[in-house]
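Below: the structure, in structure tokens.
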Amino acid sequence: MSNLIKDNALVADEWTRVIPPSLGDEVVKKQAGKVVLFKLTGEPTYSPAQIAATQIPATGKVLLPLTVWQANVEQLASRMAAGEIGILIATHEPLDSLAATFADINELPLIAVFVERFPDGRIFTIGNLLRTRYGFKNELRAVGDVLRDQLFFLKRSGFSSYLIRADRSAEDALASLKDFSQPYQGAVDDALPVWRRVDRA
Amino acid sequence: MYKYDAIDQQIVDERVKQYRDQTRRYLAGQLSDDEFRPLRLQNGLYIQRHAPMLRIAVPYGMLSSKQLRKLGDIAKRYDRGYGHFSTRQNLQLNWPKLEDVPEILAELATVQMHAIQTSGNCIRNITTDQFASIAPDEVIDPRAMAEVMRQWSTFHPEFALLPRKFKIAVSGTKQDRAIVQAHDIGLEFYRDSNNQVAIKVWVGGGLGRTPILGTVIRDHLEWQHALTYCEAIIRVYNMHGRRDNAYKARIKILVKALGIEEFKQQVEAEWVHIKDGPNTITEAELHRVAQHFEPMPYETLPAHDAGFDSAIASNPAFSSWVKRCTHAHKQSGYRAVTLSLKPHGKPPGDISSEQMQMVADLADAYSFGELRASHEQNLILADVKLSDLFAIWEKARAAGLATPNIGLLTDMICCPGGDFCSLANAKSIPIAEAIQMQFDNLDYLHDIGDLELNISGCMNACGHHHVGHIGILGVDKDGSEWYQVTIGGKQGNDASIGTVIGPSFSAEEMPGVVQRLIEVYLKERTDEERFIDTVRRLGIAPFKAHVYAEKEAA
Ligand code: HEM
Ligand code: SF4
């Protein structure tokens with residue numbers, strides 16, 4: 001069974017996520033005795049060697065890291081035109097480079113945001129900006145350490161699909177999309193704060 | 001004060017339901033410790049040295065007598081019969097059971113209370129001046145805006161998991177009592193040259209291990225934009241604040257790293273996009289909320305009351321209580337009363353269930369059924385007639401709530417420290433108690449006058465030691481407990497961070513160290529000088545010399 005929630009239902013996942021191979025040369029950074037858990041803004045996700053070694057399936061819908069797409073624009077142009085390319089960015093990647101790569105961001109049927117650890121709340125701002133600033137209208141998916149207790153916030157931040165972490169039940173997670181019926185503030189899913197939404201007088 | 005409508009009630013009820021299920025999943029092993037941690041923290045639940053600690057929100061310090069009775073009742077049934085008022089206008093329970101917390105939250109919801117966002121890396125309880133609406137120097141009552149902001153920040157989806165906790169304080173007085181400069185965002189309301197309500201916005205203040213006072217990011221912001229401007233600030237912080245090191249994750253570090261000019265430019269660039277958007281506060285919404293904060297139905301009274309005046313003249317104990325524990329009021333014939341939660345020899349801020357019931361009765365009888373919690377960890381009856389003060393004093397005294405030490409050395413701020421807190425380097429409550437016992441002579445205390453002494457058990461600075469006139473910080477040296485002393489810190493408009501006087505001391509030395517600091521002050525002070533003024537005039541040298549001279553001689 002797929003662990004994908006889309007439009008408030010469990011659905012099959014048509015997309016294959018392409019992950020550059022690990023070449024065993026990653027640097028583990030340490031700080032104050034601890035492994036650094038969050039990449040800071042602007043650090044590269046994959047090395048050029050990893051990108052070059054990435055195998056892209058020849059057919060079907062594929063979800064590619066932005067850097068992998070950038071290295072294969074020409075080869076994949078027809079598949080892009082056929083709507084078979086989705087782009088994945090990590091929470092530390094600047095949105096400007098995503099936007100600069102596409103003349104029209106809505107060429108993309110899917111943008112996925114990868115969150116390595118669920119407490120990384122940058123994903124919410126990224127969702128918000130993709131919708132409100134960059135005008136992205138198609139499927140916006142959360143992938144990675146995606147857990148039910150963040151779903152309500154993800155939904156309100158503009159996400160439309162959620163690939164729940166493999167060891168958790170997506171079916172149970174569905175319930176959390178309805179945690180609150182009338183939230184206070186305006187956000188992406190409903191721009192109006194409650195006082196403009198209903199008459200509270 | 002603010003009363004919930006059906007929407008507010010639904011939100012807290014749904015929260016109880018959500019948290020009940022989260023606790024169930026945790027206990028059933030379906031949520032790991034790491035996954036449950038932010039969920040419980042955002043509901044105020046810490047796991048502490050002895051037991052969990054539950055922090056209950058008292059939004060901007062306002063409490064009704066009904067709520068206080070409920071808190072007393074909860075403390076009795078689910079805890080050991082007492083609670084602890086903290087420096088952030090919250091009430092903490094030190095011994096609840098993790099399994100009981102959903103039930104406690106359900107009880108709280110019946111009196112329009114909750115523990116939402118009292119901890120965790122999110123926007124915390126918004127704090128303000130405990131004398132809001134009654135202080136003679138108040139320009140704008142900040143409570144309606146504080147409530148509008150409370151609602152906006154509650155479950156704000158974009159800011160649910162920030163790099164670190166985020167604290168906002170609001171103030172509307174000439175003399176800042178909300179320490180806006182020591183918050184991640186401080187909003188200072190004032191009237192601009194067109195007599196419109198405007199906001200001076202401070203950003204990047206905070207205590208903790210890197211104490212920094214905030215910087216002004218905007219001198220003039222129209223009140224309508226309070227939410228969108230805060231969103232712009234927090235958005236920049238959410239994207240760029242450090243997440244790799246919890247000690248460098250507060251917004252103050254980002255502001256410092258970028259410089260205020262660059263930070264401001266990024267905020268303003270963000271704000272352009274959301275300014276005038278739907279979260280812009282409307283006149284109608286502010287008005288709806290402000291209706292809950294209408295002035296109390298005061299009686300028209302003369303500025304003097306004969307019975308009160310004669311009680312003062314004939315009863316020195318009453319008179320010294322009035323001097324320390326009552327405060328000027330906007331309304332003629334009224335005073336505000338501080339009930340001291342700092343009796344000598346007890347943990348500062350602690351209050352028993354019985355005392356809570358009794359304070360609730362006082363509020364009903366004498367102060368329109370409302371109370372406030374102050375960041376100095378005391379309770380306040382805001383609207384008391386002069387003619388009622390004597391009766392209140394007698395009742396409060398019988399309940400141990402009338403120690404006339406407000407603003408004096410023994411009215412100290414103290415964190416739970418090593419007795420309760422797993423992060424502590426050292427105990428703090430026994431130090432507070434030892435100092436209180438050392439200065440148990442009220443005449444001497446009054447002679448020393450205004451003095452703020454703040455104690456934290458570690459550099460997280462829950463006891464605000466940096467801004468104490470005397471600050472005491474628990475430090476760990478080779479596994480034993482030591483105390484570092486700073487002097488010259490201050491909160492308020494002319495806030496400053498204290499200076500360390502020298503090597504740290506053992507617990508037994510501490511009362512003597514404070515004693516010697518006071519001796520220098522008493523010797524050097526000019527007529528009108530408070531302790532802090534003398535320190536500012538002379539610097540730390542004479543204090544240091546006297547404290548360490550005796551240490552070496554000994
Ligand atoms: C007993 C358990 C407690 C724990 C585990 C705890 C933990 C912490 C930690 C880790 C910080 C530092 C965060 C940072 O600066 O990044 C902090 C700050 C703070 N805590 Fe606590 N705390 C506790 C109790 C209290 C109490 C009882 C109070 C009030 C009396 C309090 C008030 C504060 C305040 C005001 C700060 C902020 C200082 C600042 O502005 O940086 N805490 N706490
Ligand atoms: S200052 Fe340190 S010891 Fe005191 S409560 Fe805070 S974290 Fe605990």
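Chain labels run A, B, ... following the order of the structure tokens; each chain numbers its residues from 1, and ligands are numbered from 1 in the order shown.
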Would you write out, as a Markdown table, a table of all residues in chain B that have an atom no more than 8 Å from an atom of chain A, listing for each the closest atom pair and the distance in Å to one decimal, considering only C-alpha atoms and ordering rows by chain and rising residue number?
```
| residue | atom | partner | partner_atom | distance |
| --- | --- | --- | --- | --- |
| B:Asp5 | CA | A:Arg200 | CA | 7.8 |
| B:Ile7 | CA | A:Gln182 | CA | 7.0 |
| B:Gln10 | CA | A:Gln182 | CA | 8.0 |
| B:Ile11 | CA | A:Phe180 | CA | 6.6 |
| B:Glu14 | CA | A:Phe180 | CA | 6.1 |
| B:Arg15 | CA | A:Phe180 | CA | 7.7 |
| B:Gln18 | CA | A:Asp179 | CA | 6.6 |
| B:Pro38 | CA | A:Pro119 | CA | 7.8 |
| B:Leu39 | CA | A:Asp149 | CA | 7.9 |
| B:Gln151 | CA | A:Tyr184 | CA | 5.9 |
| B:Trp152 | CA | A:Gln185 | CA | 5.1 |
| B:Ser153 | CA | A:Gln185 | CA | 7.7 |
| B:Thr154 | CA | A:Tyr184 | CA | 7.2 |
| B:Phe155 | CA | A:Pro183 | CA | 7.7 |
| B:His156 | CA | A:Gln185 | CA | 6.8 |
| B:Pro157 | CA | A:Phe153 | CA | 4.4 |
| B:Glu158 | CA | A:Phe124 | CA | 4.8 |
| B:Phe159 | CA | A:Gly121 | CA | 7.0 |
| B:Ala160 | CA | A:Gly121 | CA | 6.7 |
| B:Leu161 | CA | A:Gly121 | CA | 4.4 |
| B:Leu162 | CA | A:Gly121 | CA | 5.7 |
| B:Pro163 | CA | A:Gly121 | CA | 7.5 |
| B:Arg235 | CA | A:Thr125 | CA | 6.8 |
| B:Asn238 | CA | A:Arg122 | CA | 6.0 |
| B:Met239 | CA | A:Arg122 | CA | 5.5 |
| B:His240 | CA | A:Thr41 | CA | 6.8 |
| B:Arg242 | CA | A:Leu40 | CA | 7.1 |
| B:Arg243 | CA | A:Phe38 | CA | 5.7 |
| B:Asp244 | CA | A:Phe38 | CA | 5.1 |
| B:Asn245 | CA | A:Gln31 | CA | 7.7 |
| B:His273 | CA | A:Arg133 | CA | 8.0 |
| B:Pro278 | CA | A:Leu192 | CA | 5.6 |
| B:Asn279 | CA | A:Gly186 | CA | 6.2 |
| B:Glu285 | CA | A:Trp195 | CA | 6.7 |
| B:Arg288 | CA | A:Ala201 | CA | 6.6 |
```
Those in stretch 8-195 of chain A with helix (DSSP H, G or I) from DSSP, as a tab-separated table (two decimals) with N, CA, C and O atoms, in the first residue's frame:
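The result, stored in out-v4.tsv:
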```
chain	number	residue	atom	x	y	z
A	48	PRO	N	29.22	17.11	-7.50
A	48	PRO	CA	29.15	16.91	-8.95
A	48	PRO	C	29.33	15.45	-9.33
A	48	PRO	O	28.66	14.95	-10.25
A	49	ALA	N	30.20	14.74	-8.61
A	49	ALA	CA	30.42	13.33	-8.93
A	49	ALA	C	29.14	12.52	-8.69
A	49	ALA	O	28.77	11.66	-9.49
A	50	GLN	N	28.47	12.82	-7.60
A	50	GLN	CA	27.22	12.11	-7.30
A	50	GLN	C	26.18	12.40	-8.38
A	50	GLN	O	25.46	11.51	-8.82
A	51	ILE	N	26.12	13.66	-8.77
A	51	ILE	CA	25.13	14.04	-9.79
A	51	ILE	C	25.41	13.31	-11.11
A	51	ILE	O	24.51	12.76	-11.74
A	52	ALA	N	26.70	13.25	-11.47
A	52	ALA	CA	27.08	12.58	-12.72
A	52	ALA	C	26.75	11.09	-12.67
A	52	ALA	O	26.40	10.49	-13.68
A	66	LEU	N	16.82	19.11	-7.79
A	66	LEU	CA	17.00	20.25	-8.70
A	66	LEU	C	18.36	20.19	-9.40
A	66	LEU	O	18.46	20.41	-10.61
A	67	THR	N	19.40	19.85	-8.64
A	67	THR	CA	20.74	19.85	-9.24
A	67	THR	C	20.89	18.78	-10.31
A	67	THR	O	21.62	18.95	-11.28
A	68	VAL	N	20.20	17.68	-10.12
A	68	VAL	CA	20.25	16.61	-11.13
A	68	VAL	C	19.54	17.07	-12.41
A	68	VAL	O	20.01	16.86	-13.52
A	69	TRP	N	18.42	17.72	-12.25
A	69	TRP	CA	17.73	18.28	-13.41
A	69	TRP	C	18.63	19.28	-14.14
A	69	TRP	O	18.79	19.22	-15.36
A	70	GLN	N	19.25	20.16	-13.37
A	70	GLN	CA	20.07	21.21	-13.99
A	70	GLN	C	21.19	20.60	-14.83
A	70	GLN	O	21.59	21.17	-15.85
A	71	ALA	N	21.67	19.41	-14.44
A	71	ALA	CA	22.75	18.78	-15.18
A	71	ALA	C	22.23	18.00	-16.40
A	71	ALA	O	23.02	17.52	-17.21
A	77	ALA	N	14.41	17.21	-21.92
A	77	ALA	CA	13.45	18.24	-22.34
A	77	ALA	C	12.12	17.65	-22.78
A	77	ALA	O	11.04	18.15	-22.42
A	78	SER	N	12.15	16.56	-23.54
A	78	SER	CA	10.89	16.02	-24.04
A	78	SER	C	10.07	15.41	-22.91
A	78	SER	O	8.85	15.49	-22.89
A	79	ARG	N	10.78	14.83	-21.96
A	79	ARG	CA	10.02	14.25	-20.84
A	79	ARG	C	9.42	15.35	-19.97
A	79	ARG	O	8.34	15.18	-19.39
A	80	MET	N	10.13	16.44	-19.88
A	80	MET	CA	9.55	17.58	-19.17
A	80	MET	C	8.28	18.03	-19.88
A	80	MET	O	7.23	18.24	-19.25
A	81	ALA	N	8.37	18.13	-21.21
A	81	ALA	CA	7.21	18.57	-21.98
A	81	ALA	C	6.05	17.58	-21.80
A	81	ALA	O	4.88	17.97	-21.81
A	95	LEU	N	15.13	29.10	-2.79
A	95	LEU	CA	14.04	29.00	-3.76
A	95	LEU	C	14.34	29.76	-5.04
A	95	LEU	O	13.84	29.43	-6.10
A	96	ASP	N	15.18	30.79	-4.91
A	96	ASP	CA	15.48	31.59	-6.09
A	96	ASP	C	16.12	30.74	-7.18
A	96	ASP	O	15.86	30.94	-8.36
A	97	SER	N	16.96	29.76	-6.79
A	97	SER	CA	17.60	28.99	-7.85
A	97	SER	C	16.58	28.07	-8.52
A	97	SER	O	16.66	27.80	-9.71
A	98	LEU	N	15.60	27.62	-7.78
A	98	LEU	CA	14.52	26.84	-8.39
A	98	LEU	C	13.76	27.71	-9.39
A	98	LEU	O	13.56	27.35	-10.55
A	99	ALA	N	13.37	28.87	-8.92
A	99	ALA	CA	12.57	29.76	-9.78
A	99	ALA	C	13.37	30.17	-11.02
A	99	ALA	O	12.83	30.25	-12.12
A	100	ALA	N	14.67	30.41	-10.84
A	100	ALA	CA	15.48	30.88	-11.96
A	100	ALA	C	15.67	29.79	-13.01
A	100	ALA	O	15.96	30.08	-14.17
A	101	THR	N	15.49	28.54	-12.62
A	101	THR	CA	15.70	27.43	-13.55
A	101	THR	C	14.55	27.26	-14.53
A	101	THR	O	14.72	26.71	-15.61
A	105	ILE	N	7.27	28.32	-13.53
A	105	ILE	CA	7.37	27.26	-12.52
A	105	ILE	C	6.21	26.27	-12.65
A	105	ILE	O	6.31	25.11	-12.27
A	106	ASN	N	5.12	26.73	-13.27
A	106	ASN	CA	3.97	25.86	-13.42
A	106	ASN	C	4.10	24.86	-14.59
A	106	ASN	O	3.20	24.06	-14.82
A	107	GLU	N	5.26	24.90	-15.27
A	107	GLU	CA	5.58	23.79	-16.16
A	107	GLU	C	5.69	22.50	-15.37
A	107	GLU	O	5.54	21.40	-15.89
A	122	ARG	N	11.54	24.99	8.33
A	122	ARG	CA	11.69	25.78	7.10
A	122	ARG	C	10.72	25.31	6.04
A	122	ARG	O	10.32	26.07	5.17
A	123	ILE	N	10.35	24.04	6.10
A	123	ILE	CA	9.45	23.50	5.08
A	123	ILE	C	8.14	24.29	5.01
A	123	ILE	O	7.56	24.45	3.94
A	124	PHE	N	7.70	24.82	6.13
A	124	PHE	CA	6.43	25.55	6.13
A	124	PHE	C	6.57	26.88	5.37
A	124	PHE	O	5.70	27.26	4.59
A	125	THR	N	7.67	27.58	5.63
A	125	THR	CA	7.87	28.84	4.91
A	125	THR	C	8.08	28.57	3.42
A	125	THR	O	7.56	29.30	2.57
A	126	ILE	N	8.78	27.49	3.12
A	126	ILE	CA	9.00	27.15	1.71
A	126	ILE	C	7.67	26.89	1.00
A	126	ILE	O	7.43	27.39	-0.10
A	127	GLY	N	6.80	26.12	1.64
A	127	GLY	CA	5.48	25.86	1.06
A	127	GLY	C	4.75	27.17	0.82
A	127	GLY	O	4.22	27.44	-0.26
A	128	ASN	N	4.76	28.00	1.84
A	128	ASN	CA	4.08	29.28	1.76
A	128	ASN	C	4.61	30.11	0.59
A	128	ASN	O	3.84	30.63	-0.24
A	129	LEU	N	5.93	30.23	0.52
A	129	LEU	CA	6.51	31.08	-0.53
A	129	LEU	C	6.26	30.50	-1.92
A	129	LEU	O	5.98	31.25	-2.87
A	130	LEU	N	6.35	29.17	-2.07
A	130	LEU	CA	6.10	28.59	-3.39
A	130	LEU	C	4.69	28.93	-3.87
A	130	LEU	O	4.46	29.22	-5.03
A	131	ARG	N	3.76	28.90	-2.95
A	131	ARG	CA	2.37	29.21	-3.34
A	131	ARG	C	2.14	30.71	-3.51
A	131	ARG	O	1.59	31.14	-4.52
A	132	THR	N	2.54	31.48	-2.51
A	132	THR	CA	2.12	32.89	-2.52
A	132	THR	C	3.09	33.79	-3.27
A	132	THR	O	2.68	34.79	-3.84
A	148	ARG	N	2.49	12.45	10.96
A	148	ARG	CA	1.11	12.95	11.00
A	148	ARG	C	0.95	14.22	11.84
A	148	ARG	O	0.08	15.04	11.57
A	149	ASP	N	1.77	14.36	12.87
A	149	ASP	CA	1.55	15.51	13.75
A	149	ASP	C	1.97	16.84	13.14
A	149	ASP	O	1.74	17.90	13.71
A	150	GLN	N	2.59	16.79	11.98
A	150	GLN	CA	2.90	18.04	11.27
A	150	GLN	C	1.94	18.28	10.09
A	150	GLN	O	2.01	19.30	9.42
A	151	LEU	N	1.08	17.32	9.80
A	151	LEU	CA	0.27	17.42	8.57
A	151	LEU	C	-0.61	18.65	8.51
A	151	LEU	O	-0.73	19.30	7.47
A	152	PHE	N	-1.23	18.96	9.64
A	152	PHE	CA	-2.14	20.10	9.64
A	152	PHE	C	-1.39	21.38	9.26
A	152	PHE	O	-1.87	22.19	8.46
A	153	PHE	N	-0.19	21.53	9.81
A	153	PHE	CA	0.61	22.72	9.49
A	153	PHE	C	1.06	22.70	8.04
A	153	PHE	O	1.09	23.73	7.37
A	154	LEU	N	1.42	21.52	7.55
A	154	LEU	CA	1.85	21.41	6.14
A	154	LEU	C	0.69	21.80	5.22
A	154	LEU	O	0.86	22.54	4.24
A	155	LYS	N	-0.48	21.28	5.54
A	155	LYS	CA	-1.65	21.61	4.72
A	155	LYS	C	-1.89	23.12	4.68
A	155	LYS	O	-2.06	23.72	3.63
A	156	ARG	N	-1.82	23.72	5.86
A	156	ARG	CA	-2.07	25.16	5.92
A	156	ARG	C	-0.96	25.95	5.23
A	156	ARG	O	-1.15	27.10	4.87
A	170	ALA	N	-0.09	5.77	7.00
A	170	ALA	CA	-0.66	6.96	6.36
A	170	ALA	C	-2.17	7.01	6.60
A	170	ALA	O	-2.77	8.08	6.68
A	171	GLU	N	-2.74	5.84	6.74
A	171	GLU	CA	-4.18	5.78	6.98
A	171	GLU	C	-4.54	6.47	8.30
A	171	GLU	O	-5.46	7.29	8.37
A	172	ASP	N	-3.77	6.15	9.36
A	172	ASP	CA	-4.00	6.83	10.64
A	172	ASP	C	-3.76	8.33	10.51
A	172	ASP	O	-4.44	9.15	11.11
A	173	ALA	N	-2.73	8.66	9.69
A	173	ALA	CA	-2.33	10.06	9.59
A	173	ALA	C	-3.43	10.94	9.00
A	173	ALA	O	-3.53	12.12	9.31
A	174	LEU	N	-4.27	10.35	8.16
A	174	LEU	CA	-5.34	11.13	7.52
A	174	LEU	C	-6.15	11.95	8.52
A	174	LEU	O	-6.54	13.09	8.25
A	175	ALA	N	-6.37	11.36	9.69
A	175	ALA	CA	-7.20	12.02	10.70
A	175	ALA	C	-6.62	13.37	11.09
A	175	ALA	O	-7.36	14.32	11.39
A	176	SER	N	-5.28	13.49	11.07
A	176	SER	CA	-4.68	14.73	11.57
A	176	SER	C	-4.87	15.92	10.64
A	176	SER	O	-4.65	17.06	11.04
A	177	LEU	N	-5.26	15.65	9.42
A	177	LEU	CA	-5.55	16.79	8.53
A	177	LEU	C	-6.74	17.59	9.03
A	177	LEU	O	-6.97	18.72	8.62
A	178	LYS	N	-7.51	16.96	9.92
A	178	LYS	CA	-8.71	17.65	10.41
A	178	LYS	C	-8.57	18.02	11.89
A	178	LYS	O	-9.57	18.17	12.59
A	194	VAL	N	-9.63	34.23	11.00
A	194	VAL	CA	-10.98	33.83	11.39
A	194	VAL	C	-11.93	35.02	11.48
A	194	VAL	O	-13.10	34.91	11.14
A	195	TRP	N	-11.41	36.17	11.86
A	195	TRP	CA	-12.33	37.29	12.02
A	195	TRP	C	-12.82	37.84	10.68
A	195	TRP	O	-13.80	38.58	10.62
```
For this session: Within stretch 362-432 of chain B, find each residue whose DSSP state, derived from the backbone, is strand (DSSP E), and express the selection as a list in words.
Result: Glu370, Leu371, Arg372, Ala373, Leu379, Ile380, Leu381, Ala382, Asp383, Val384, Lys385, Ile413 and Cys414 of chain B
Kindly export the residues of the current selection with C-alpha atoms, as a CSV table (one decimal), in the first residue's frame.
```csv
chain,number,residue,atom,x,y,z
B,370,GLU,CA,-9.8,39.5,38.4
B,371,LEU,CA,-6.1,39.0,39.1
B,372,ARG,CA,-2.8,39.3,37.3
B,373,ALA,CA,0.5,37.4,37.5
B,379,LEU,CA,0.0,38.1,42.2
B,380,ILE,CA,-1.8,41.3,41.8
B,381,LEU,CA,-5.3,42.6,42.7
B,382,ALA,CA,-5.5,45.4,40.2
B,383,ASP,CA,-8.5,47.4,41.3
B,384,VAL,CA,-8.9,47.8,45.0
B,385,LYS,CA,-10.7,50.7,46.8
B,413,ILE,CA,13.3,36.3,41.1
B,414,CYS,CA,14.5,32.7,41.2
```
For this session: For stretch 519-524 of chain B, work out the shell of residues within 9 Å, counting only C-alpha atoms and skipping chain neighbours fewer than 4 positions away, then give it as a list of chain:residue names.
Result: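 What passes the distance filter is B:Asp447, B:Ile448, B:Val514, B:Gln515, B:Arg530, B:Phe531, B:Thr534, B:Val535, B:Leu538, B:Pro542, B:Phe543, B:His546, B:Val547.
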Problem set entry | Minimum-distance residue to A:Asn138, chosen among A:Leu110, A:Leu10, A:Leu63, A:Ala103 (using only C-alpha atoms) |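 Closest residue, counting only C-alpha atoms: A:Leu110.
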Problem set entry | Shell of 12 Å around A:Trp15, only C-alpha atoms, local chain residues under 4 positions omitted, as an MDAnalysis selection string | chainID A and resid 2 4 11 57 59:64 83:88 109:112 139 141 143 163
Exercise. Would you name the residues within 6 Å of ligand 1, counting only C-alpha atoms and all ligand atoms, and put them as a PyMOL selection string?
Worked result: chain B and resi 86-88+206-208+247+415-416+420-421+423+460-463
